[in-house]
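Novice: Hey, dropping coords.cif in here, mmCIF, C-alpha atoms and all ligand atoms:
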data_input
#
loop_
_atom_site.label_atom_id
_atom_site.label_comp_id
_atom_site.auth_asym_id
_atom_site.auth_seq_id
_atom_site.Cartn_x
_atom_site.Cartn_y
_atom_site.Cartn_z
CA MET A 939 -1.88 3.19 -12.73
CA GLU A 940 -5.39 2.08 -13.69
CA ALA A 941 -4.86 3.17 -17.32
CA VAL A 942 -1.70 1.13 -17.82
CA VAL A 943 -3.27 -1.81 -16.01
CA ASP A 944 -6.23 -1.59 -18.43
CA HIS A 945 -3.84 -1.80 -21.34
CA VAL A 946 -1.85 -4.72 -19.93
CA VAL A 947 -5.01 -6.63 -19.01
CA ASN A 948 -6.37 -6.17 -22.55
CA HIS A 949 -3.06 -7.42 -23.89
CA LEU A 950 -3.29 -10.51 -21.66
CA VAL A 951 -6.89 -11.21 -22.71
CA THR A 952 -5.92 -11.03 -26.40
CA ALA A 953 -2.85 -13.23 -25.88
CA LEU A 954 -4.91 -15.88 -24.09
CA ASP A 955 -7.68 -15.74 -26.72
CA GLN A 956 -5.19 -16.20 -29.51
CA GLU A 957 -3.18 -18.76 -27.52
CA ARG A 958 -0.08 -16.78 -28.43
CA PHE A 959 1.58 -15.82 -25.17
CA LYS A 960 4.80 -14.01 -25.99
CA PRO A 961 7.01 -13.40 -22.93
CA LEU A 962 6.26 -10.29 -20.91
CA GLY A 963 9.11 -8.01 -19.86
CA MET A 964 8.95 -7.14 -16.17
CA ALA A 965 10.51 -4.24 -14.29
CA THR A 966 11.18 -3.69 -10.60
CA GLY A 967 11.53 -0.55 -8.49
CA ARG A 968 9.22 1.53 -6.31
CA THR A 969 7.40 2.96 -9.33
CA MET A 970 6.20 -0.49 -10.27
CA GLU A 971 4.80 -1.50 -6.86
CA PRO A 972 1.39 0.21 -7.29
CA PHE A 973 1.21 -1.25 -10.79
CA TYR A 974 1.60 -4.84 -9.56
CA ALA A 975 -0.88 -4.24 -6.72
CA ALA A 976 -3.46 -2.85 -9.16
CA LEU A 977 -2.82 -5.66 -11.67
CA ILE A 978 -3.36 -8.34 -9.05
CA GLN A 979 -6.58 -6.67 -7.88
CA ARG A 980 -7.87 -6.58 -11.42
CA LEU A 981 -6.94 -10.19 -12.19
CA ALA A 982 -8.71 -11.28 -9.00
CA THR A 983 -11.99 -10.18 -10.64
CA TRP A 984 -11.46 -12.52 -13.60
CA PRO A 985 -13.63 -15.62 -13.89
CA SER A 986 -11.79 -18.57 -12.46
CA PRO A 987 -11.20 -20.53 -15.74
CA GLN A 988 -9.60 -17.46 -17.36
CA PHE A 989 -7.50 -16.75 -14.26
CA GLU A 990 -6.31 -20.37 -14.17
CA GLN A 991 -5.46 -20.21 -17.88
CA LEU A 992 -3.37 -17.09 -17.28
CA LYS A 993 -1.51 -18.78 -14.42
CA ARG A 994 -0.73 -21.74 -16.69
CA CYS A 995 0.40 -19.64 -19.66
CA TRP A 996 2.35 -16.90 -17.85
CA LEU A 997 5.96 -16.42 -18.93
CA SER A 998 7.95 -13.31 -18.11
CA PHE A 999 11.56 -12.20 -18.17
CA ASN A 1000 12.72 -9.53 -15.75
CA LEU A 1001 15.09 -6.83 -16.82
CA ASP A 1002 17.75 -7.31 -14.23
CA GLU A 1003 19.16 -8.74 -11.01
CA TYR A 1004 21.90 -7.75 -8.58
CA VAL A 1005 25.08 -9.82 -8.69
CA GLY A 1006 25.68 -11.53 -5.36
CA LEU A 1007 22.12 -11.72 -4.02
CA PRO A 1008 20.33 -15.08 -3.89
CA PRO A 1009 16.60 -15.22 -4.69
CA GLU A 1010 15.77 -15.79 -1.04
CA ASP A 1011 17.41 -12.49 -0.06
CA SER A 1012 14.52 -10.04 0.37
CA ARG A 1013 16.55 -7.29 -1.35
CA SER A 1014 16.93 -9.28 -4.58
CA PHE A 1015 14.70 -8.57 -7.55
CA ALA A 1016 13.74 -12.26 -7.55
CA ALA A 1017 12.30 -11.80 -4.04
CA TYR A 1018 10.62 -8.55 -5.13
CA MET A 1019 8.90 -10.30 -8.02
CA HIS A 1020 7.81 -13.20 -5.85
CA THR A 1021 6.31 -10.84 -3.26
CA GLN A 1022 4.77 -8.35 -5.67
CA LEU A 1023 3.44 -10.81 -8.25
CA GLY A 1024 4.56 -14.45 -8.21
CA CYS A 1025 3.01 -15.52 -4.93
CA HIS A 1026 -0.35 -13.97 -5.90
CA LEU A 1027 -0.48 -15.86 -9.20
CA ASP A 1028 1.20 -19.08 -7.97
CA LEU A 1029 3.89 -18.67 -10.59
CA SER A 1030 6.78 -21.11 -10.68
CA HIS A 1031 10.39 -19.96 -10.99
CA CYS A 1032 10.37 -21.13 -14.61
CA GLN A 1033 7.47 -18.81 -15.39
CA LEU A 1034 9.06 -15.80 -13.71
CA GLN A 1035 12.53 -15.64 -15.19
CA LEU A 1036 15.33 -13.50 -13.79
CA PRO A 1037 19.09 -13.65 -14.18
CA ASP A 1038 20.79 -15.72 -11.47
CA GLY A 1039 22.68 -13.24 -9.32
CA MET A 1040 24.57 -16.09 -7.66
CA ALA A 1041 25.92 -17.73 -10.82
CA LYS A 1042 29.64 -18.55 -10.48
CA ASP A 1043 30.37 -16.80 -13.77
CA SER A 1044 28.17 -13.71 -14.12
CA ALA A 1045 29.24 -12.98 -17.69
CA GLU A 1046 28.29 -16.51 -18.71
CA GLU A 1047 24.97 -16.17 -16.87
CA ALA A 1048 24.25 -12.94 -18.77
CA ARG A 1049 24.87 -14.78 -22.06
CA ARG A 1050 22.65 -17.67 -20.95
CA TYR A 1051 19.83 -15.32 -19.90
CA GLY A 1052 19.97 -13.37 -23.16
CA SER A 1053 19.88 -16.61 -25.15
CA ALA A 1054 16.99 -17.98 -23.08
CA LEU A 1055 14.97 -14.86 -23.88
CA HIS A 1056 15.88 -15.11 -27.55
CA GLU A 1057 14.84 -18.79 -27.66
CA ALA A 1058 11.54 -17.91 -25.98
CA GLY A 1059 10.81 -15.52 -28.87
CA GLY A 1060 11.81 -12.17 -27.34
CA ILE A 1061 9.61 -9.77 -25.42
CA GLY A 1062 6.03 -9.00 -26.44
CA LEU A 1063 5.07 -6.28 -23.97
CA GLN A 1064 7.89 -4.62 -22.02
CA LEU A 1065 7.29 -2.63 -18.83
CA LEU A 1066 9.95 -0.08 -17.95
CA GLY A 1067 10.70 2.30 -15.13
CA LEU A 1068 13.22 5.12 -15.41
CA GLY A 1069 16.35 5.56 -13.32
CA GLY A 1070 17.25 9.00 -12.01
CA ASN A 1071 20.34 8.97 -14.28
CA GLY A 1072 18.31 7.91 -17.32
CA HIS A 1073 18.93 4.19 -17.02
CA VAL A 1074 16.41 1.58 -18.13
CA GLY A 1075 16.83 -1.84 -16.61
CA PHE A 1076 20.37 -1.39 -15.38
CA ASN A 1077 21.67 0.04 -18.65
CA GLU A 1078 23.78 2.69 -17.01
CA PRO A 1079 25.27 5.67 -18.90
CA PRO A 1080 26.93 5.26 -21.32
CA SER A 1081 24.87 2.56 -23.06
CA GLN A 1082 24.55 2.03 -26.77
CA PRO A 1083 21.36 0.82 -28.47
CA GLY A 1084 23.06 -2.38 -29.67
CA SER A 1085 24.17 -3.42 -26.18
CA GLY A 1086 23.03 -6.92 -25.22
CA CYS A 1087 22.43 -8.72 -21.95
CA ARG A 1088 25.56 -8.24 -19.84
CA VAL A 1089 27.16 -7.59 -16.48
CA VAL A 1090 27.26 -3.90 -15.56
CA THR A 1091 28.84 -1.84 -12.82
CA LEU A 1092 26.29 0.39 -11.13
CA GLU A 1093 26.85 4.12 -10.90
CA GLN A 1094 27.10 5.54 -7.42
CA ALA A 1095 23.97 7.59 -8.21
CA THR A 1096 22.05 4.36 -8.81
CA ARG A 1097 23.34 2.78 -5.61
CA ILE A 1098 22.19 5.89 -3.72
CA GLN A 1099 18.82 5.82 -5.48
CA ASN A 1100 18.26 2.17 -4.57
CA ALA A 1101 19.73 2.32 -1.05
CA SER A 1102 16.34 2.38 0.70
CA ALA A 1103 16.03 -1.39 0.15
CA PHE A 1104 19.45 -1.80 1.78
CA GLY A 1105 18.86 -0.05 5.09
CA GLY A 1106 19.59 3.33 3.49
CA ASN A 1107 23.26 2.51 2.98
CA PRO A 1108 24.43 2.82 -0.66
CA GLU A 1109 27.56 0.81 0.18
CA GLU A 1110 25.32 -2.19 0.89
CA VAL A 1111 23.89 -2.02 -2.64
CA PRO A 1112 25.75 -4.54 -4.83
CA GLU A 1113 28.28 -2.98 -7.17
CA GLN A 1114 27.26 -5.07 -10.14
CA ALA A 1115 24.15 -6.37 -11.82
CA ILE A 1116 23.10 -8.42 -14.81
CA THR A 1117 20.77 -6.56 -17.13
CA LEU A 1118 19.02 -7.12 -20.41
CA GLY A 1119 20.56 -4.71 -22.89
CA LEU A 1120 18.95 -2.01 -24.96
CA ASP A 1121 19.13 -4.46 -27.84
CA GLU A 1122 16.67 -6.86 -26.17
CA ILE A 1123 14.53 -4.01 -24.79
CA LEU A 1124 14.23 -2.24 -28.15
CA ALA A 1125 13.32 -5.54 -29.82
CA ALA A 1126 10.10 -5.74 -27.75
CA ASP A 1127 6.87 -5.41 -29.73
CA GLU A 1128 5.62 -2.64 -27.45
CA ILE A 1129 7.18 -0.73 -24.58
CA HIS A 1130 5.39 0.88 -21.63
CA LEU A 1131 7.46 3.45 -19.79
CA ILE A 1132 6.00 4.31 -16.38
CA VAL A 1133 7.37 7.41 -14.67
CA THR A 1134 6.05 9.08 -11.53
CA GLY A 1135 7.18 11.89 -9.25
CA ALA A 1136 8.78 15.31 -9.69
CA ALA A 1137 12.30 13.93 -9.20
CA LYS A 1138 12.08 12.23 -12.62
CA ALA A 1139 10.57 15.20 -14.53
CA GLU A 1140 13.82 16.62 -15.91
CA ILE A 1141 15.47 13.32 -16.85
CA LEU A 1142 12.23 12.27 -18.54
CA ARG A 1143 12.23 15.50 -20.57
CA THR A 1144 15.86 14.92 -21.55
CA ALA A 1145 15.21 11.32 -22.54
CA LEU A 1146 12.20 12.14 -24.69
CA LEU A 1147 13.08 15.50 -26.23
CA ASP A 1148 16.86 15.82 -26.44
CA PRO A 1149 18.80 13.98 -29.17
CA CYS A 1150 19.45 10.28 -28.48
CA SER A 1151 22.63 9.80 -26.51
CA ALA A 1152 24.48 6.99 -24.79
CA GLU A 1153 24.69 9.29 -21.77
CA VAL A 1154 20.91 9.01 -21.33
CA PRO A 1155 20.18 5.35 -22.12
CA ALA A 1156 16.39 5.86 -22.06
CA SER A 1157 16.73 8.33 -24.93
CA TRP A 1158 17.16 5.37 -27.33
CA LEU A 1159 13.48 4.62 -26.74
CA GLN A 1160 12.82 7.46 -29.21
CA ARG A 1161 13.87 5.00 -31.93
CA HIS A 1162 11.14 2.49 -31.04
CA SER A 1163 7.87 2.75 -32.94
CA ALA A 1164 5.55 1.65 -30.13
CA VAL A 1165 6.49 3.31 -26.86
CA HIS A 1166 3.61 4.18 -24.55
CA LEU A 1167 4.31 6.74 -21.85
CA TRP A 1168 2.42 6.57 -18.54
CA VAL A 1169 3.14 9.55 -16.30
CA ASP A 1170 1.64 11.44 -13.41
CA ASP A 1171 1.37 15.25 -13.37
CA ALA A 1172 4.60 15.69 -11.40
CA ALA A 1173 6.72 13.59 -13.77
CA SER A 1174 5.26 15.22 -16.89
CA ALA A 1175 5.71 18.80 -15.61
CA HIS A 1176 8.63 19.50 -17.99
CA LEU A 1177 6.97 18.06 -21.09
CA PRO A 1178 5.53 20.98 -23.05
CA MET A 1179 3.14 18.80 -25.04
CA LEU A 1180 1.48 17.48 -21.88
CA SER A 1181 1.33 20.60 -19.73
C1 LIG B 1 16.04 0.39 -10.73
C2 LIG B 1 15.78 -0.75 -11.74
C3 LIG B 1 14.99 -0.23 -12.87
C4 LIG B 1 13.93 0.70 -12.32
C5 LIG B 1 14.59 1.98 -11.90
C6 LIG B 1 13.68 2.97 -11.20
O1 LIG B 1 17.31 0.46 -10.33
N1 LIG B 1 16.92 -1.45 -12.22
O2 LIG B 1 14.45 -1.30 -13.60
O3 LIG B 1 12.99 1.00 -13.30
O4 LIG B 1 15.76 1.72 -11.20
O5 LIG B 1 13.47 2.64 -9.86
P1 LIG B 1 12.38 3.35 -8.95
O6 LIG B 1 11.06 3.03 -9.55
O7 LIG B 1 12.55 2.74 -7.58
O8 LIG B 1 12.67 4.81 -8.99
#
Can you give me the file's structure in the form of structure tokens?
Ligand code: GLP
Specialist:
Amino acid sequence: MEAVVDHVVNHLVTALDQERFKPLGMATGRTMEPFYAALIQRLATWPSPQFEQLKRCWLSFNLDEYVGLPPEDSRSFAAYMHTQLGCHLDLSHCQLQLPDGMAKDSAEEARRYGSALHEAGGIGLQLLGLGGNGHVGFNEPPSQPGSGCRVVTLEQATRIQNASAFGGNPEEVPEQAITLGLDEILAADEIHLIVTGAAKAEILRTALLDPCSAEVPASWLQRHSAVHLWVDDAASAHLPMLS
């Protein structure tokens, strides 16, 4: 995680120097937890004026949120981001944007969130994890590269994968979510895909080396010109060029 943290920290330093802070794209999930912990540790070593400047300038948009969970619910991605990052950097809700999972009209909220990101200038640096079924954000199979921010129904495989945050019961995992689409993700200036663990090795190989396909939404990343891949040995075990 130190290598990707180095890269993100350098990106932040440059953005602050140039006073051009394009929104960051944030991801959730277990893969990202050590990343946020390492990032916070690193930022804590910054001189105070620089750290304060970062806290003032920070603006990020998360990929997704469950429909039906309020931000104060510890299982929501809003709560995750507050615990993992926001509370350590004193970020306000406006600085740490997520879709509102409690909006009366989820489809309308998805449109609003997509427009808000567009008006903020789109994503500069996008962090991504990888779902066991090849999803990025909550772009479940099948997802096309032109798909925008929208309401999605989660696959049972995803609900099983994420059940640990819901007492181990997949039925407790909300059935729907709001996610940025591949359109917004692929419009980012640079993308950092972080994948760890043997369980992701085969889907990572498929996503990177097989032809692009809606059935493996992450495969559309092949079409982006600035994707950085951060993997551990277990996750990269099926990638011939890295083994
Ligand atoms: C989740 C999130 C994704 C995340 C992925 C991997 O459901 N929507 O943004 O990257 O699935 O999660 P994990 O890191 O817990 O395996």
Novice: Would you pick out the contacts of A:Leu1124 at 7 Å or less, using only C-alpha atoms, so that residues sharing its chain but fewer than 3 positions from it are not included, and give the list as a PyMOL selection string?
Specialist: chain A and resi 1120-1121+1162
Novice: Find the nearest atom pair between each residue of chain A and ligand LIG 1 (chain B) for residues within 7 Å, count only C-alpha atoms and all ligand atoms, give distances in Å to one decimal, sort rows by chain and ascending number, and present the table as a Markdown table.
Specialist:
| residue | atom | partner | partner_atom | distance |
| --- | --- | --- | --- | --- |
| A:Ala965 | CA | B:LIG1 | O2 | 5.0 |
| A:Thr966 | CA | B:LIG1 | O2 | 5.0 |
| A:Gly967 | CA | B:LIG1 | O7 | 3.6 |
| A:Arg968 | CA | B:LIG1 | O7 | 3.8 |
| A:Thr969 | CA | B:LIG1 | O6 | 3.7 |
| A:Met970 | CA | B:LIG1 | O6 | 6.0 |
| A:Leu1001 | CA | B:LIG1 | O2 | 6.4 |
| A:Asp1002 | CA | B:LIG1 | N1 | 6.3 |
| A:Leu1066 | CA | B:LIG1 | O3 | 5.7 |
| A:Gly1067 | CA | B:LIG1 | O3 | 3.2 |
| A:Leu1068 | CA | B:LIG1 | O3 | 4.6 |
| A:Gly1069 | CA | B:LIG1 | C5 | 4.2 |
| A:Gly1070 | CA | B:LIG1 | O8 | 6.9 |
| A:Val1074 | CA | B:LIG1 | O2 | 5.7 |
| A:Gly1075 | CA | B:LIG1 | O2 | 3.9 |
| A:Phe1076 | CA | B:LIG1 | N1 | 4.7 |
| A:Thr1096 | CA | B:LIG1 | O1 | 6.3 |
| A:Asn1100 | CA | B:LIG1 | O1 | 6.1 |
Novice: Mind dumping the selected residues with C-alpha atoms as a CSV table (one decimal), keeping the file's coordinate frame?
Specialist:
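Printed below is selection-v6.csv as written:
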chain,number,residue,atom,x,y,z
A,965,ALA,CA,10.5,-4.2,-14.3
A,966,THR,CA,11.2,-3.7,-10.6
A,967,GLY,CA,11.5,-0.6,-8.5
A,968,ARG,CA,9.2,1.5,-6.3
A,969,THR,CA,7.4,3.0,-9.3
A,970,MET,CA,6.2,-0.5,-10.3
A,1001,LEU,CA,15.1,-6.8,-16.8
A,1002,ASP,CA,17.8,-7.3,-14.2
A,1066,LEU,CA,10.0,-0.1,-18.0
A,1067,GLY,CA,10.7,2.3,-15.1
A,1068,LEU,CA,13.2,5.1,-15.4
A,1069,GLY,CA,16.4,5.6,-13.3
A,1070,GLY,CA,17.2,9.0,-12.0
A,1074,VAL,CA,16.4,1.6,-18.1
A,1075,GLY,CA,16.8,-1.8,-16.6
A,1076,PHE,CA,20.4,-1.4,-15.4
A,1096,THR,CA,22.0,4.4,-8.8
A,1100,ASN,CA,18.3,2.2,-4.6
Novice: Taking 6 positions as the minimum chain separation for residues in the same chain, which residues sit within 10 Å of A:Val946 when counting all atoms listed in the file? Answer as an MDAnalysis selection string.
Specialist: chainID A and resid 940 952 962 977 1063:1065 1130
Novice: Which residue gives the smallest distance to A:Gln956 among A:Cys995, A:Ala1145, A:Ala976, A:Met1019, with only C-alpha atoms counted?
Specialist: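 Nearest candidate to A:Gln956 out of A:Cys995, A:Ala1145, A:Ala976, A:Met1019: A:Cys995.
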Novice: Excluding A:Ile1116 and its own-chain neighbours fewer than 6 positions away, which residues fall within 8 Å of it when counting only C-alpha atoms? Please give them as a list in words.
Specialist: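 My reading of the contact set: Asp1002, Glu1003, Tyr1004, Val1005, Pro1037, Gly1039, Ser1044, Ala1048, Phe1076, Cys1087, Arg1088, Val1089 and Val1090 of chain A.
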Novice: Compare A:Ala1103, A:Ala1139, A:Ala1152, A:Ala1095 by their minimum atom-to-atom distance to A:Asp1171, counting all atoms listed in the file, and give me the closest one.
Specialist: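 Closest to A:Asp1171 of all the choices is A:Ala1139.
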Novice: For a test of reading the model, state the distance in Å between atom CA of A:Arg980 and atom CA of A:Ser1163, rounded to one decimal.
Specialist: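 One can read the atom CA of A:Arg980 to atom CA of A:Ser1163 distance as 28.2 Å.
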Novice: Atom CA of A:Asn1077 and atom CA of A:Glu1057 are how many Å apart?
Specialist: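 These two atoms are separated by 22.0 Å.
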Novice: Applying 9 Å and only C-alpha atoms, which residues near stretch 985-994 of chain A remain after dropping the ones on its own chain fewer than 6 positions away? List them as an mmCIF file with C-alpha atoms, keeping the file's coordinate frame.
Specialist:
data_model
loop_
_atom_site.group_PDB
_atom_site.id
_atom_site.type_symbol
_atom_site.label_atom_id
_atom_site.label_comp_id
_atom_site.auth_asym_id
_atom_site.auth_seq_id
_atom_site.Cartn_x
_atom_site.Cartn_y
_atom_site.Cartn_z
ATOM 1 C CA LEU A 950 -3.290 -10.510 -21.660
ATOM 2 C CA VAL A 951 -6.890 -11.210 -22.710
ATOM 3 C CA LEU A 954 -4.910 -15.880 -24.090
ATOM 4 C CA LEU A 1027 -0.480 -15.860 -9.200
ATOM 5 C CA ASP A 1028 1.200 -19.080 -7.970
ATOM 6 C CA LEU A 1029 3.890 -18.670 -10.590
ATOM 7 C CA GLN A 1033 7.470 -18.810 -15.390
#
Novice: Taking into account only C-alpha atoms, which residue in the set A:Ala1172, A:Leu1007, A:Leu1055, A:Leu1023 is nearest to A:Ala1126?
Specialist: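 Smallest separation from A:Ala1126 among the options: A:Leu1055.
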Novice: Need the shell around A:Ser998: protein/DNA/RNA residues with any atom at most 7 Å away, counting all atoms listed in the file. Skip same-chain ones fewer than 5 positions apart. Format as a ChimeraX atom specification?
Specialist: /A:961-964,1033-1035
Novice: Within 9 Å of (10.4, 11.6, -12.5), all atoms listed in the file: residues as a list in words?
Specialist: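 Output of the proximity query reads Leu1068, Gly1069, Gly1070, Val1133, Thr1134, Gly1135, Ala1136, Ala1137, Lys1138, Ala1139, Glu1140, Ile1141, Leu1142, Val1169, Asp1170, Ala1172, Ala1173 and Ser1174 of chain A.
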Novice: Please supply stretch 1066-1095 of chain A, rebuilt with N, CA and C atoms, as a PDB file, in the coordinates of the input.
Specialist:
ATOM      1  N   LEU A1066       8.684  -0.728 -18.312  1.00  0.00           N
ATOM      2  CA  LEU A1066       9.950  -0.080 -17.950  1.00  0.00           C
ATOM      3  C   LEU A1066       9.723   1.022 -16.929  1.00  0.00           C
ATOM      4  N   GLY A1067      10.611   1.115 -15.969  1.00  0.00           N
ATOM      5  CA  GLY A1067      10.700   2.300 -15.130  1.00  0.00           C
ATOM      6  C   GLY A1067      11.867   3.138 -15.642  1.00  0.00           C
ATOM      7  N   LEU A1068      12.140   4.231 -14.980  1.00  0.00           N
ATOM      8  CA  LEU A1068      13.220   5.120 -15.410  1.00  0.00           C
ATOM      9  C   LEU A1068      14.118   5.437 -14.213  1.00  0.00           C
ATOM     10  N   GLY A1069      15.412   5.213 -14.382  1.00  0.00           N
ATOM     11  CA  GLY A1069      16.350   5.560 -13.320  1.00  0.00           C
ATOM     12  C   GLY A1069      16.594   7.066 -13.305  1.00  0.00           C
ATOM     13  N   GLY A1070      16.993   7.571 -12.158  1.00  0.00           N
ATOM     14  CA  GLY A1070      17.250   9.000 -12.010  1.00  0.00           C
ATOM     15  C   GLY A1070      18.366   9.492 -12.936  1.00  0.00           C
ATOM     16  N   ASN A1071      19.255   8.587 -13.358  1.00  0.00           N
ATOM     17  CA  ASN A1071      20.340   8.970 -14.280  1.00  0.00           C
ATOM     18  C   ASN A1071      19.996   8.599 -15.726  1.00  0.00           C
ATOM     19  N   GLY A1072      18.737   8.238 -15.955  1.00  0.00           N
ATOM     20  CA  GLY A1072      18.310   7.910 -17.320  1.00  0.00           C
ATOM     21  C   GLY A1072      18.472   6.445 -17.673  1.00  0.00           C
ATOM     22  N   HIS A1073      18.778   5.603 -16.665  1.00  0.00           N
ATOM     23  CA  HIS A1073      18.930   4.190 -17.020  1.00  0.00           C
ATOM     24  C   HIS A1073      17.563   3.531 -17.216  1.00  0.00           C
ATOM     25  N   VAL A1074      17.558   2.487 -18.039  1.00  0.00           N
ATOM     26  CA  VAL A1074      16.410   1.580 -18.130  1.00  0.00           C
ATOM     27  C   VAL A1074      16.964   0.185 -17.900  1.00  0.00           C
ATOM     28  N   GLY A1075      16.206  -0.650 -17.152  1.00  0.00           N
ATOM     29  CA  GLY A1075      16.830  -1.840 -16.610  1.00  0.00           C
ATOM     30  C   GLY A1075      18.000  -1.346 -15.780  1.00  0.00           C
ATOM     31  N   PHE A1076      19.158  -1.954 -15.985  1.00  0.00           N
ATOM     32  CA  PHE A1076      20.370  -1.390 -15.380  1.00  0.00           C
ATOM     33  C   PHE A1076      21.353  -0.981 -16.481  1.00  0.00           C
ATOM     34  N   ASN A1077      20.816  -0.496 -17.587  1.00  0.00           N
ATOM     35  CA  ASN A1077      21.670   0.040 -18.650  1.00  0.00           C
ATOM     36  C   ASN A1077      22.122   1.424 -18.217  1.00  0.00           C
ATOM     37  N   GLU A1078      23.258   1.451 -17.565  1.00  0.00           N
ATOM     38  CA  GLU A1078      23.780   2.690 -17.010  1.00  0.00           C
ATOM     39  C   GLU A1078      24.436   3.526 -18.125  1.00  0.00           C
ATOM     40  N   PRO A1079      24.526   4.852 -17.935  1.00  0.00           N
ATOM     41  CA  PRO A1079      25.270   5.670 -18.900  1.00  0.00           C
ATOM     42  C   PRO A1079      26.753   5.294 -18.856  1.00  0.00           C
ATOM     43  N   PRO A1080      27.461   5.194 -19.956  1.00  0.00           N
ATOM     44  CA  PRO A1080      26.930   5.260 -21.320  1.00  0.00           C
ATOM     45  C   PRO A1080      26.460   3.876 -21.772  1.00  0.00           C
ATOM     46  N   SER A1081      25.347   3.826 -22.476  1.00  0.00           N
ATOM     47  CA  SER A1081      24.870   2.560 -23.060  1.00  0.00           C
ATOM     48  C   SER A1081      24.428   2.809 -24.491  1.00  0.00           C
ATOM     49  N   GLN A1082      24.868   1.922 -25.342  1.00  0.00           N
ATOM     50  CA  GLN A1082      24.550   2.030 -26.770  1.00  0.00           C
ATOM     51  C   GLN A1082      23.320   1.187 -27.100  1.00  0.00           C
ATOM     52  N   PRO A1083      22.594   1.560 -28.156  1.00  0.00           N
ATOM     53  CA  PRO A1083      21.360   0.820 -28.470  1.00  0.00           C
ATOM     54  C   PRO A1083      21.588  -0.641 -28.828  1.00  0.00           C
ATOM     55  N   GLY A1084      22.797  -0.979 -29.297  1.00  0.00           N
ATOM     56  CA  GLY A1084      23.060  -2.380 -29.670  1.00  0.00           C
ATOM     57  C   GLY A1084      23.542  -3.232 -28.506  1.00  0.00           C
ATOM     58  N   SER A1085      23.609  -2.664 -27.310  1.00  0.00           N
ATOM     59  CA  SER A1085      24.170  -3.420 -26.180  1.00  0.00           C
ATOM     60  C   SER A1085      23.223  -4.561 -25.785  1.00  0.00           C
ATOM     61  N   GLY A1086      23.824  -5.747 -25.581  1.00  0.00           N
ATOM     62  CA  GLY A1086      23.030  -6.920 -25.220  1.00  0.00           C
ATOM     63  C   GLY A1086      23.061  -7.193 -23.733  1.00  0.00           C
ATOM     64  N   CYS A1087      22.471  -8.327 -23.366  1.00  0.00           N
ATOM     65  CA  CYS A1087      22.430  -8.720 -21.950  1.00  0.00           C
ATOM     66  C   CYS A1087      23.866  -8.877 -21.434  1.00  0.00           C
ATOM     67  N   ARG A1088      24.167  -8.264 -20.304  1.00  0.00           N
ATOM     68  CA  ARG A1088      25.560  -8.240 -19.840  1.00  0.00           C
ATOM     69  C   ARG A1088      25.656  -7.899 -18.356  1.00  0.00           C
ATOM     70  N   VAL A1089      26.885  -8.013 -17.856  1.00  0.00           N
ATOM     71  CA  VAL A1089      27.160  -7.590 -16.480  1.00  0.00           C
ATOM     72  C   VAL A1089      27.528  -6.112 -16.524  1.00  0.00           C
ATOM     73  N   VAL A1090      26.963  -5.333 -15.609  1.00  0.00           N
ATOM     74  CA  VAL A1090      27.260  -3.900 -15.560  1.00  0.00           C
ATOM     75  C   VAL A1090      27.699  -3.506 -14.157  1.00  0.00           C
ATOM     76  N   THR A1091      28.477  -2.434 -14.098  1.00  0.00           N
ATOM     77  CA  THR A1091      28.840  -1.840 -12.820  1.00  0.00           C
ATOM     78  C   THR A1091      27.895  -0.664 -12.578  1.00  0.00           C
ATOM     79  N   LEU A1092      27.283  -0.645 -11.412  1.00  0.00           N
ATOM     80  CA  LEU A1092      26.290   0.390 -11.130  1.00  0.00           C
ATOM     81  C   LEU A1092      26.959   1.711 -10.779  1.00  0.00           C
ATOM     82  N   GLU A1093      26.368   2.787 -11.267  1.00  0.00           N
ATOM     83  CA  GLU A1093      26.850   4.120 -10.900  1.00  0.00           C
ATOM     84  C   GLU A1093      26.544   4.368  -9.428  1.00  0.00           C
ATOM     85  N   GLN A1094      27.361   5.210  -8.823  1.00  0.00           N
ATOM     86  CA  GLN A1094      27.100   5.540  -7.420  1.00  0.00           C
ATOM     87  C   GLN A1094      25.700   6.165  -7.273  1.00  0.00           C
ATOM     88  N   ALA A1095      25.296   6.964  -8.271  1.00  0.00           N
ATOM     89  CA  ALA A1095      23.970   7.590  -8.210  1.00  0.00           C
ATOM     90  C   ALA A1095      22.861   6.542  -8.131  1.00  0.00           C
TER      91      ALA A1095
END
